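Reviewing the structure listed below.
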Amino acid sequence: MERFMGLDVGDKTIGVAISDPFFITAQGHSTIIRTGIKKDIQKLKEIIKENEVSKIVVGLPKNMNNSIGPQGEKVLDFVSRMKKELNNEIILQDERLTTVSAERILIEGNVSRKNRKKVIDKVASTYILQSYLDMIK
């Protein structure tokens with residue numbers, strides 16, 4: 001059964017979330033430690049194949065005034081590379097407050113600062129994908 005994948009693309013890591021087959025919920029999947037664009041995309045290809053991913057939702061960081069800053073430009077560059085390597089539909093999802101929301105959830109869950117760093121990207125990718133799933137309902 002096909003699923004959607006959510007990505008939180010950062011400089012050092014990529015948070016990955018996968019939807020359920022009914023596109024109702026997003027679950028954190030993994031955090032990819034970035035080692036170079038070719039290897040990063042190869043790892044994503046493996047996850048796409050394993051999970052029968054049809055659509056990829058990528059968080060696009062924007063400034064509060066809706067402009068795209070340096071981090072947003074890096075994400076757009078990454079997405080353009082992905083489009084050359086993958087046949088999946090790729091959607092850009094505004095992710096302005098996802099990391100803040102993810103951090104708050106982890107703090108409320110009494111997750112230590114050290115452990116928050118390990119899972120924050122995966123939680124943020126879950127937020128990105130869940131926002132998209134809620135929007136298309």
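Chain lettering (A, B, ...) mirrors the order of the structure tokens, residue numbering begins at 1 for each chain separately, and ligand numbering begins at 1 in order of display.
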All residues 10 Å or closer to Gly59 (chain A), only C-alpha atoms, same chain fewer than 5 positions away omitted, as a PyMOL selection string: chain A and resi 6-10+72+75-76+91-96+98+124-125+127-129+132
Kindly save the residues from that selection, with C-alpha atoms included, as a compact mmCIF listing (two decimals), in the first residue's frame.
# COMPACT_ATOMS: atom_id res chain seq x y z
CA GLY A 6 7.61 13.83 5.15
CA LEU A 7 11.10 15.36 5.29
CA ASP A 8 12.68 17.95 7.55
CA VAL A 9 15.88 18.80 5.67
CA GLY A 10 18.64 20.36 7.75
CA GLY A 72 14.98 27.85 2.60
CA VAL A 75 16.08 23.16 0.99
CA LEU A 76 15.06 24.29 -2.51
CA ILE A 91 5.24 18.93 -2.36
CA LEU A 92 6.70 21.89 -0.44
CA GLN A 93 4.97 22.47 2.91
CA ASP A 94 5.39 25.68 4.92
CA GLU A 95 7.19 24.64 8.09
CA ARG A 96 7.58 27.95 9.90
CA THR A 98 7.29 23.01 13.21
CA ALA A 124 9.58 17.94 13.04
CA SER A 125 9.21 15.78 9.90
CA TYR A 127 4.66 17.60 12.07
CA ILE A 128 5.34 18.59 8.45
CA LEU A 129 3.67 15.46 7.08
CA TYR A 132 -0.13 18.20 4.96
Residues flagged strand (DSSP E) by DSSP in chain A, as JSON, numbers by chain: {"A": [3, 4, 5, 6, 7, 8, 9, 13, 14, 15, 16, 17, 18, 19, 26, 27, 28, 29, 30, 31, 32, 33, 53, 54, 55, 56, 57, 58, 59, 60, 89, 90, 91, 92, 93, 94]}
Spatial neighbours of Ile41 (chain A), 9 Å, only C-alpha atoms, chain gap at least 3 places, as a list of chain:residue names: A:Gly36, A:Ile37, A:Lys38, A:Leu44, A:Lys45, A:Glu46, A:Arg81, A:Met82, A:Glu85, A:Leu86
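Counting only C-alpha atoms, the residue from A:Ile24, A:Met5, A:Met135, A:Ile14 that sits nearest to Lys55 (chain A) is A:Met5.
You can rank A:Lys12, A:Arg3, A:Lys122, A:Lys137 by their closest distance to Lys74 (chain A) using only C-alpha atoms, and at the top of that list sits A:Lys12.
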Taking only C-alpha atoms into account, name the residue in A:Met1, A:Ser131, A:Asn110, A:Ile136 that is nearest to Lys49 (chain A). A:Met1
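Of the residues listed (A:Ile18, A:Val79, A:Leu133, A:Ile33), A:Ile18 shows the shortest atom-to-atom separation from Glu50 (chain A); distances use only C-alpha atoms.
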Show which residues sit within 10 Å of Pro21 (chain A), as a VMD selection string. Count only C-alpha atoms, and ignore same-chain residues fewer than 5 positions away. chain A and resid 1 to 4 26 51 to 53
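Nearest residue to Glu89 (chain A) among A:Ile32, A:Met64, A:Ile48, A:Ile105 is A:Ile48, counting only C-alpha atoms.
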Quick one: pick out all helix (DSSP H, G or I) residues within region 42-131 of chain A from a backbone DSSP run and write them as a PyMOL selection string. chain A and resi 42-51+70-85+98-108+113-131
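One distance worth recording is that between CA of Thr25 (chain A) and CA of Ile90 (chain A), which is 18.4 Å.
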Nearest candidate to Phe78 (chain A) (options A:Ser30, A:Lys114, A:Ile107, A:Leu60; using only C-alpha atoms): A:Leu60
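Separating CA of Val111 (chain A) from CA of Asn63 (chain A) is a distance of 27.8 Å.
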Leaving out Asp121 (chain A) and any residue of its chain fewer than 5 positions from it, which residues lie within 8 Å of it when counting only C-alpha atoms, given as a PDB file with C-alpha atoms, in the first residue's frame?
ATOM      1  CA  ASP A   8      12.675  17.952   7.546  1.00  0.00           C
ATOM      2  CA  THR A  13      20.380  15.682   9.377  1.00  0.00           C
ATOM      3  CA  ILE A  14      17.173  14.849   7.530  1.00  0.00           C
ATOM      4  CA  GLY A  15      14.165  13.919   9.645  1.00  0.00           C
ATOM      5  CA  VAL A  16      11.932  11.335   7.976  1.00  0.00           C
ATOM      6  CA  THR A  31      16.866  10.607  11.175  1.00  0.00           C
ATOM      7  CA  THR A  99      10.616  22.823  15.065  1.00  0.00           C
TER       8      THR A  99
END
